[in-house]
$ cat protein34.cif   # mmCIF, C-alpha atoms and all ligand atoms
data_structure
loop_
_atom_site.label_atom_id
_atom_site.label_comp_id
_atom_site.auth_asym_id
_atom_site.auth_seq_id
_atom_site.Cartn_x
_atom_site.Cartn_y
_atom_site.Cartn_z
CA MET A 1 -9.75 -3.85 10.99
CA ALA A 2 -9.71 -0.10 10.65
CA SER A 3 -9.32 0.61 6.96
CA LYS A 4 -5.78 1.88 6.54
CA GLU A 5 -6.73 3.55 3.29
CA GLY A 6 -9.40 5.52 5.11
CA LEU A 7 -7.05 6.76 7.79
CA GLN A 8 -4.95 9.88 7.49
CA ALA A 9 -1.25 9.22 8.03
CA TYR A 10 -1.26 10.88 11.47
CA GLU A 11 -4.28 8.83 12.55
CA GLU A 12 -2.58 5.64 11.43
CA GLU A 13 0.53 6.55 13.36
CA LYS A 14 -1.57 7.33 16.42
CA LEU A 15 -3.42 4.02 16.09
CA LEU A 16 -0.21 2.02 15.93
CA SER A 17 1.16 3.71 19.05
CA LEU A 18 -1.83 2.81 21.25
CA PRO A 19 -2.11 -0.20 23.59
CA LYS A 20 -3.97 -2.93 21.72
CA GLU A 21 -6.05 -5.96 22.75
CA ARG A 22 -8.00 -8.59 20.87
CA GLY A 23 -11.65 -7.61 20.63
CA TRP A 24 -14.73 -9.74 20.20
CA GLY A 25 -16.99 -7.46 18.17
CA SER A 26 -14.13 -6.13 16.12
CA ARG A 27 -10.74 -7.74 15.64
CA HIS A 28 -8.87 -5.26 17.83
CA LEU A 29 -9.53 -2.73 20.57
CA TYR A 30 -7.26 0.28 20.99
CA LEU A 31 -6.93 2.16 24.27
CA LEU A 32 -7.85 5.66 23.11
CA GLN A 33 -8.28 8.44 25.72
CA HIS A 34 -8.92 5.89 28.51
CA PHE A 35 -11.51 3.82 26.66
CA TRP A 36 -11.25 0.72 24.47
CA CYS A 37 -12.12 1.86 20.98
CA PRO A 38 -12.99 -0.88 18.45
CA SER A 39 -10.67 -0.72 15.43
CA THR A 40 -13.75 -0.46 13.20
CA HIS A 41 -14.80 2.78 14.97
CA PHE A 42 -11.44 4.48 15.35
CA GLN A 43 -11.53 6.75 12.32
CA GLY A 44 -15.16 7.77 12.90
CA VAL A 45 -14.44 8.63 16.54
CA ILE A 46 -11.42 10.80 15.69
CA ASN A 47 -13.25 12.59 12.86
CA PHE A 48 -16.29 13.14 15.08
CA GLN A 49 -14.14 14.64 17.84
CA ASN A 50 -12.38 16.94 15.40
CA HIS A 51 -15.28 18.08 13.25
CA PHE A 52 -18.71 17.70 14.86
CA GLN A 53 -20.43 21.00 15.69
CA ALA A 54 -23.34 20.53 18.08
CA LYS A 55 -26.42 22.72 17.91
CA ASP A 56 -28.26 23.76 21.05
CA SER A 57 -31.33 21.88 19.86
CA ASP A 58 -29.46 18.55 19.35
CA VAL A 59 -30.33 15.51 21.40
CA ILE A 60 -27.74 12.78 21.94
CA VAL A 61 -28.82 9.26 22.90
CA ALA A 62 -25.76 7.89 24.68
CA SER A 63 -25.36 4.35 25.95
CA PHE A 64 -23.09 1.51 26.81
CA PRO A 65 -23.44 -1.14 24.05
CA LYS A 66 -26.29 -3.66 24.45
CA SER A 67 -27.97 -1.58 27.14
CA GLY A 68 -31.17 -0.60 25.32
CA THR A 69 -29.82 1.88 22.78
CA THR A 70 -32.26 0.82 20.04
CA TRP A 71 -35.24 1.20 22.38
CA LEU A 72 -34.16 4.58 23.75
CA LYS A 73 -33.46 5.87 20.23
CA ALA A 74 -37.00 4.86 19.19
CA LEU A 75 -38.59 6.43 22.28
CA THR A 76 -36.59 9.66 22.01
CA PHE A 77 -37.31 10.04 18.30
CA SER A 78 -41.04 9.42 18.88
CA ILE A 79 -41.28 11.81 21.83
CA LEU A 80 -39.53 14.63 19.97
CA ASN A 81 -41.42 14.13 16.70
CA ARG A 82 -44.89 13.40 18.03
CA GLN A 83 -46.35 16.56 16.45
CA ARG A 84 -44.93 15.69 13.04
CA PHE A 85 -45.92 12.02 12.95
CA SER A 86 -48.96 10.27 14.30
CA SER A 87 -47.87 7.22 16.27
CA SER A 88 -50.12 4.86 14.36
CA HIS A 89 -50.07 5.96 10.73
CA ASN A 90 -47.13 6.52 8.45
CA HIS A 91 -44.72 6.81 11.33
CA PRO A 92 -41.09 6.50 10.15
CA LEU A 93 -40.46 3.86 12.82
CA LEU A 94 -42.88 1.56 10.97
CA THR A 95 -40.61 1.52 7.94
CA SER A 96 -37.15 2.35 9.28
CA ASN A 97 -35.00 0.93 12.04
CA PRO A 98 -34.32 3.33 14.98
CA HIS A 99 -30.61 3.33 14.08
CA GLU A 100 -31.44 4.65 10.62
CA LEU A 101 -33.50 7.50 12.08
CA VAL A 102 -31.04 8.21 14.88
CA PRO A 103 -27.59 7.54 13.40
CA PHE A 104 -24.45 6.93 15.42
CA LEU A 105 -22.17 9.98 15.30
CA ASP A 106 -19.00 7.99 14.75
CA PHE A 107 -20.65 6.11 11.91
CA ILE A 108 -21.61 9.38 10.21
CA PHE A 109 -17.95 10.42 10.45
CA HIS A 110 -16.55 7.09 9.26
CA GLY A 111 -14.65 7.41 5.98
CA ASP A 112 -13.37 10.37 4.04
CA ASN A 113 -15.02 13.46 2.56
CA ILE A 114 -15.64 15.39 5.75
CA GLN A 115 -17.19 18.30 3.84
CA HIS A 116 -19.93 16.03 2.50
CA LYS A 117 -20.67 14.78 6.02
CA LEU A 118 -20.78 18.30 7.42
CA SER A 119 -23.21 19.45 4.76
CA TYR A 120 -25.42 16.37 5.39
CA LEU A 121 -25.41 17.26 9.10
CA SER A 122 -26.26 20.90 8.55
CA ASN A 123 -29.23 19.93 6.35
CA MET A 124 -30.78 17.55 8.88
CA THR A 125 -34.22 18.46 10.23
CA GLU A 126 -34.07 19.89 13.76
CA PRO A 127 -34.05 18.76 16.43
CA ARG A 128 -31.31 16.46 15.23
CA VAL A 129 -31.07 13.23 17.22
CA PHE A 130 -27.85 11.19 17.27
CA GLY A 131 -26.58 8.11 19.02
CA THR A 132 -23.19 7.42 20.56
CA HIS A 133 -21.38 4.83 22.67
CA ILE A 134 -18.45 7.16 23.27
CA PRO A 135 -17.77 7.84 26.99
CA PHE A 136 -18.62 11.32 28.24
CA PRO A 137 -15.03 12.62 28.65
CA SER A 138 -14.31 11.77 24.99
CA LEU A 139 -17.33 13.50 23.49
CA SER A 140 -16.51 16.47 21.27
CA ASN A 141 -16.12 19.76 23.12
CA SER A 142 -18.96 21.27 21.14
CA ILE A 143 -21.37 18.77 22.73
CA LYS A 144 -20.11 19.66 26.20
CA GLU A 145 -20.14 23.39 25.59
CA SER A 146 -23.45 23.74 23.73
CA ASN A 147 -26.89 23.51 25.31
CA CYS A 148 -27.66 20.22 23.59
CA LYS A 149 -29.07 17.45 25.78
CA ILE A 150 -27.90 13.93 26.44
CA VAL A 151 -30.15 11.02 27.39
CA TYR A 152 -28.03 8.14 28.67
CA ILE A 153 -28.98 4.51 29.25
CA CYS A 154 -27.07 1.73 30.98
CA ARG A 155 -28.03 -1.75 32.11
CA ASN A 156 -27.16 -4.45 34.60
CA PRO A 157 -23.68 -5.39 33.28
CA PHE A 158 -24.41 -9.15 33.53
CA ASP A 159 -27.35 -8.75 31.14
CA ALA A 160 -25.40 -6.39 28.90
CA PHE A 161 -22.57 -8.95 28.75
CA VAL A 162 -24.87 -11.86 27.83
CA SER A 163 -26.70 -9.69 25.29
CA SER A 164 -23.38 -8.66 23.76
CA TRP A 165 -21.92 -12.17 23.68
CA THR A 166 -25.05 -13.57 22.02
CA PHE A 167 -25.22 -10.69 19.57
CA PHE A 168 -21.67 -11.13 18.32
CA ASN A 169 -22.16 -14.91 18.16
CA GLU A 170 -25.21 -14.45 15.99
CA MET A 171 -23.38 -11.90 13.88
CA LYS A 172 -20.67 -14.53 13.46
CA SER A 173 -18.15 -11.87 14.31
CA GLU A 174 -14.84 -12.70 12.65
CA SER A 175 -12.90 -12.51 15.90
CA LEU A 176 -15.37 -14.05 18.33
CA HIS A 177 -14.58 -17.71 17.70
CA GLU A 178 -11.13 -17.05 19.08
CA LEU A 179 -12.55 -16.42 22.56
CA THR A 180 -14.44 -18.68 24.94
CA ILE A 181 -17.25 -17.14 26.97
CA GLU A 182 -15.03 -17.38 30.06
CA GLU A 183 -12.27 -15.41 28.35
CA ALA A 184 -14.76 -12.86 27.07
CA LEU A 185 -16.24 -12.43 30.56
CA GLU A 186 -12.80 -12.00 32.06
CA LYS A 187 -12.01 -9.29 29.53
CA TYR A 188 -15.38 -7.65 30.16
CA CYS A 189 -14.73 -7.57 33.91
CA LYS A 190 -11.31 -6.01 33.28
CA GLY A 191 -13.03 -3.39 31.16
CA ILE A 192 -11.52 -4.65 27.89
CA VAL A 193 -14.63 -4.40 25.75
CA GLY A 194 -15.73 -1.95 23.07
CA PHE A 195 -16.23 1.48 24.73
CA GLY A 196 -15.37 -0.01 28.13
CA PRO A 197 -14.54 -0.08 30.94
CA THR A 198 -18.24 -0.41 31.75
CA TRP A 199 -18.14 1.20 35.18
CA GLU A 200 -16.14 4.20 34.01
CA HIS A 201 -18.60 4.64 31.14
CA MET A 202 -21.57 4.73 33.53
CA LEU A 203 -19.72 6.85 36.06
CA GLY A 204 -18.78 9.51 33.50
CA TYR A 205 -22.40 10.09 32.52
CA TRP A 206 -23.66 9.62 36.08
CA GLU A 207 -21.36 12.31 37.47
CA GLU A 208 -22.35 14.68 34.68
CA SER A 209 -26.04 14.01 35.32
CA ILE A 210 -25.51 15.04 38.95
CA ALA A 211 -23.40 18.09 38.11
CA THR A 212 -25.63 19.30 35.26
CA PRO A 213 -29.06 17.67 35.57
CA ASN A 214 -30.49 19.80 32.75
CA LYS A 215 -27.81 18.53 30.41
CA VAL A 216 -27.64 14.77 31.10
CA LEU A 217 -30.49 12.43 32.02
CA PHE A 218 -29.28 9.09 33.40
CA LEU A 219 -31.57 6.10 32.78
CA LYS A 220 -31.35 2.39 33.53
CA TYR A 221 -32.81 -0.24 31.16
CA ASP A 222 -34.20 -2.25 34.06
CA GLU A 223 -36.05 0.75 35.54
CA LEU A 224 -37.31 1.84 32.12
CA LYS A 225 -38.80 -1.63 31.61
CA GLU A 226 -40.45 -1.58 35.03
CA ASP A 227 -42.16 1.80 34.64
CA VAL A 228 -41.99 2.93 31.05
CA ILE A 229 -44.86 5.46 31.38
CA PHE A 230 -43.04 7.29 34.17
CA TYR A 231 -39.78 7.45 32.22
CA VAL A 232 -41.38 8.49 28.91
CA ARG A 233 -42.91 11.44 30.79
CA ARG A 234 -39.53 12.09 32.43
CA VAL A 235 -37.68 12.09 29.08
CA ALA A 236 -40.25 14.46 27.56
CA GLU A 237 -39.91 16.88 30.50
CA PHE A 238 -36.13 16.69 30.32
CA LEU A 239 -36.23 17.49 26.59
CA ASP A 240 -38.45 20.51 27.33
CA CYS A 241 -41.43 19.02 25.52
CA PRO A 242 -43.67 17.71 28.34
CA PHE A 243 -46.95 16.03 27.42
CA ALA A 244 -49.91 18.38 27.52
CA GLU A 245 -53.00 17.29 29.47
CA GLU A 246 -54.82 16.78 26.20
CA GLU A 247 -52.06 14.49 24.91
CA GLU A 248 -52.18 12.53 28.15
CA SER A 249 -55.92 12.05 27.91
CA ASN A 250 -55.69 11.14 24.20
CA GLY A 251 -53.32 8.30 25.02
CA VAL A 252 -50.30 9.76 23.19
CA ILE A 253 -47.88 8.32 25.77
CA GLU A 254 -49.35 4.83 25.42
CA SER A 255 -49.20 5.05 21.61
CA ILE A 256 -45.50 5.93 21.75
CA ILE A 257 -44.81 3.10 24.18
CA ASN A 258 -46.67 0.60 21.98
CA LEU A 259 -44.93 1.74 18.83
CA CYS A 260 -41.52 1.34 20.49
CA SER A 261 -42.28 -1.86 22.37
CA PHE A 262 -40.05 -4.88 21.94
CA GLU A 263 -42.84 -7.03 20.45
CA LYS A 264 -43.94 -4.37 17.99
CA MET A 265 -40.41 -3.51 16.83
CA LYS A 266 -39.23 -7.11 16.58
CA ASN A 267 -42.16 -8.04 14.34
CA LEU A 268 -41.95 -5.14 11.93
CA GLU A 269 -40.82 -6.11 8.43
CA ALA A 270 -38.42 -3.15 8.54
CA ASN A 271 -36.56 -4.82 11.42
CA LYS A 272 -36.64 -8.42 10.20
CA SER A 273 -34.11 -8.12 7.43
CA GLY A 274 -31.45 -5.82 6.06
CA THR A 275 -28.44 -4.21 7.63
CA PHE A 276 -27.36 -0.83 9.01
CA ASP A 277 -24.06 0.83 9.89
CA ARG A 278 -21.20 -1.61 9.44
CA ASN A 279 -23.31 -4.47 8.05
CA ILE A 280 -25.08 -5.11 11.34
CA GLU A 281 -28.15 -7.26 10.72
CA LYS A 282 -31.22 -5.53 12.10
CA LYS A 283 -32.92 -8.75 13.18
CA TYR A 284 -30.19 -9.40 15.78
CA LEU A 285 -31.05 -6.18 17.61
CA PHE A 286 -34.19 -7.73 19.04
CA ARG A 287 -33.52 -10.89 21.04
CA LYS A 288 -35.42 -11.25 24.35
CA GLY A 289 -35.56 -7.80 25.89
CA GLU A 290 -35.78 -9.20 29.42
CA ILE A 291 -34.34 -8.32 32.80
CA GLY A 292 -32.13 -10.96 34.42
CA ASP A 293 -31.44 -13.10 31.36
CA TRP A 294 -27.88 -13.62 32.63
CA ARG A 295 -29.29 -16.19 35.06
CA VAL A 296 -30.25 -18.40 32.10
CA ALA A 297 -26.64 -18.24 30.95
CA VAL A 298 -25.38 -19.30 34.36
CA ARG A 299 -27.85 -22.22 34.48
CA MET A 300 -26.71 -23.31 31.03
CA LYS A 301 -23.10 -23.08 32.09
CA ILE A 302 -23.79 -25.33 35.05
CA ALA A 303 -25.66 -27.77 32.80
CA GLU A 304 -22.75 -27.75 30.42
CA SER A 305 -20.23 -28.54 33.11
CA ASP A 306 -22.41 -31.56 33.99
CA ASP A 307 -22.21 -32.80 30.41
CA GLU A 308 -20.57 -36.23 30.45
CA ASN A 309 -19.51 -35.91 26.83
CA GLY A 310 -17.35 -32.97 27.79
CA ASN A 311 -18.91 -30.78 25.12
CA CYS A 312 -17.46 -27.35 25.11
CA GLY A 313 -18.78 -24.10 23.63
CA LEU A 314 -21.64 -22.59 25.57
CA ARG A 315 -24.72 -21.79 23.50
CA LEU A 316 -27.16 -19.18 24.73
CA VAL A 317 -30.74 -19.02 23.53
P1 LIG A 401 -31.25 -8.83 24.94
O1 LIG A 401 -30.10 -9.29 24.08
O2 LIG A 401 -31.02 -9.09 26.39
O3 LIG A 401 -32.57 -9.36 24.47
P2 LIG A 401 -28.89 -2.26 22.25
O4 LIG A 401 -30.07 -1.70 21.58
O5 LIG A 401 -28.13 -1.29 23.09
O6 LIG A 401 -28.01 -3.01 21.29
O7 LIG A 401 -29.42 -3.32 23.32
C1 LIG A 401 -29.91 -4.56 22.89
C2 LIG A 401 -30.82 -5.14 23.94
O8 LIG A 401 -32.03 -4.36 23.99
C3 LIG A 401 -31.22 -6.55 23.56
O9 LIG A 401 -31.36 -7.25 24.81
C4 LIG A 401 -32.55 -6.33 22.86
O10 LIG A 401 -33.36 -7.47 22.82
C5 LIG A 401 -33.15 -5.20 23.71
N1 LIG A 401 -34.16 -4.42 23.00
C6 LIG A 401 -34.17 -4.05 21.70
N2 LIG A 401 -35.27 -3.35 21.42
C7 LIG A 401 -36.00 -3.27 22.55
C8 LIG A 401 -37.26 -2.68 22.90
N3 LIG A 401 -37.99 -2.06 21.99
N4 LIG A 401 -37.68 -2.79 24.17
C9 LIG A 401 -36.93 -3.44 25.10
N5 LIG A 401 -35.75 -4.04 24.84
C10 LIG A 401 -35.27 -3.95 23.58
#

$ encode --input "protein34.cif" --output "structure tokens"
Amino acid sequence: MASKEGLQAYEEEKLLSLPKERGWGSRHLYLLQHFWCPSTHFQGVINFQNHFQAKDSDVIVASFPKSGTTWLKALTFSILNRQRFSSSHNHPLLTSNPHELVPFLDFIFHGDNIQHKLSYLSNMTEPRVFGTHIPFPSLSNSIKESNCKIVYICRNPFDAFVSSWTFFNEMKSESLHELTIEEALEKYCKGIVGFGPTWEHMLGYWEESIATPNKVLFLKYDELKEDVIFYVRRVAEFLDCPFAEEEESNGVIESIINLCSFEKMKNLEANKSGTFDRNIEKKYLFRKGEIGDWRVAVRMKIAESDDENGNCGLRLV
């Protein structure tokens, strides 16, 4: 639930006037500016839209949830900060989760005391790197009008759905038990999912990447996995910090890729325990990291329907 105490009266009134649906990562979703905003994010989104001032040097890692946000945050942070931190010694990613180094904008703006948040933001080391799941049309005007850059990632929606369903199951989301996987999938297809509809989300960033290719870089998880060296080079060029020949020959790209790899990140102590943002357990961020895992879900569903005992409740592994 959005904390009523934390909401200004006008925000609360606005919230109550919006179309509402049951969510499965948060109790409710509200249709805000054509996207389904989780109740837990509402205040942060509104505050972000009203108060965030982008700098030209900012980099925004934008994504649809469960599409590789954690990975892209790690890669972007490492690419931008490769002069400051060696990839193998004392790198912040060895001791901090990517979401702690690259915070979500709406999470920064969650709660009261806007002045405190603004002063924290103005003291951040540049280039500042932030994450967001907010669709392009609902980003703050200062992001659209400044020269800051946006790196966007999306993923095959079947895989993103399975990843999301499993994630919220593991998190034992308060509201999830109220939905079967079939109901959740139906909602997902109708676009009723946090920050959905999915296609509109992708389309918003896609169209912007075509219209202003220096502003928005559009990536796909599946392609990134298939040729990570190519895309790490591409991201560095897009962010105006291409790898020098010397860096290439010294294996800097490979070091970044290894540091941010699924296996490496999953096995770091920093990612095995503890929480970030709204009590999200870090260990659940790293599950399989594969392309096409939705097929496993379908096979399990078929196996389940063959179950003579009539067991219900699909479990994904
Ligand atoms: P699966 O649940 O299919 O395994 P997000 O970061 O947007 O929440 O996306 C989560 C998905 O990205 C999960 O997919 C997770 O396992 C995968 N992932 C996390 N870190 C990764 C990494 N370093 N490389 C590749 N995939 C990663």

$ closest_residue --input "protein34.cif" --among "A:Leu185, A:Leu217, A:Ile280, A:Ala244" --to "A:Glu170" --atoms "all atoms listed in the file"
A:Ile280

$ residues_near_ligand --input "protein34.cif" --ligand "ligand LIG 401 (chain A)" --cutoff "9 Å" --atoms "all atoms listed in the file" --output "NGL selection string"
:A and (63-75 or 153-154 or 159-167 or 221 or 224-225 or 257 or 259-266 or 284-294)

$ closest_residue --input "protein34.cif" --among "A:Asn156, A:Ser17, A:Pro197, A:Phe85" --to "A:Asp222" --atoms "only C-alpha atoms"
A:Asn156

$ residues_around --input "protein34.cif" --residues "stretch 52-61 of chain A" --least-positions-apart "4" --cutoff "6 Å" --atoms "all atoms listed in the file" --output "JSON list (two decimals) with C-alpha atoms, in the coordinates of the input"
[["chain", "number", "residue", "atom", "x", "y", "z"],
["A", 48, "PHE", "CA", -16.29, 13.14, 15.08],
["A", 127, "PRO", "CA", -34.05, 18.76, 16.43],
["A", 128, "ARG", "CA", -31.31, 16.46, 15.23],
["A", 129, "VAL", "CA", -31.07, 13.23, 17.22],
["A", 130, "PHE", "CA", -27.85, 11.19, 17.27],
["A", 131, "GLY", "CA", -26.58, 8.11, 19.02],
["A", 142, "SER", "CA", -18.96, 21.27, 21.14],
["A", 143, "ILE", "CA", -21.37, 18.77, 22.73],
["A", 146, "SER", "CA", -23.45, 23.74, 23.73],
["A", 147, "ASN", "CA", -26.89, 23.51, 25.31],
["A", 148, "CYS", "CA", -27.66, 20.22, 23.59],
["A", 149, "LYS", "CA", -29.07, 17.45, 25.78],
["A", 150, "ILE", "CA", -27.90, 13.93, 26.44],
["A", 151, "VAL", "CA", -30.15, 11.02, 27.39],
["A", 152, "TYR", "CA", -28.03, 8.14, 28.67]]

$ atom_distance --input "protein34.cif" --atom1 "atom CA of A:Tyr231" --atom2 "atom CA of A:Leu139"
24.8 Å

$ closest_residue --input "protein34.cif" --among "A:Leu219, A:Leu15, A:Leu80, A:Leu101" --to "A:Gln43" --atoms "all atoms listed in the file"
A:Leu15

$ residues_around --input "protein34.cif" --residues "A:Thr275" --least-positions-apart "6" --cutoff "10 Å" --atoms "all atoms listed in the file" --output "count of residues only"
6

$ atom_distance --input "protein34.cif" --atom1 "atom CA of A:Thr76" --atom2 "atom CA of A:Arg233"
11.0 Å

$ closest_residue --input "protein34.cif" --among "A:Met171, A:Ile79, A:Val193, A:Leu179" --to "A:His133" --atoms "all atoms listed in the file"
A:Val193

$ closest_residue --input "protein34.cif" --among "A:Ser255, A:Asn169, A:Thr40, A:Ser96" --to "A:Gly274" --atoms "only C-alpha atoms"
A:Ser96

$ closest_residue --input "protein34.cif" --among "A:Phe195, A:Phe218, A:Phe107, A:Phe238" --to "A:Cys37" --atoms "all atoms listed in the file"
A:Phe195
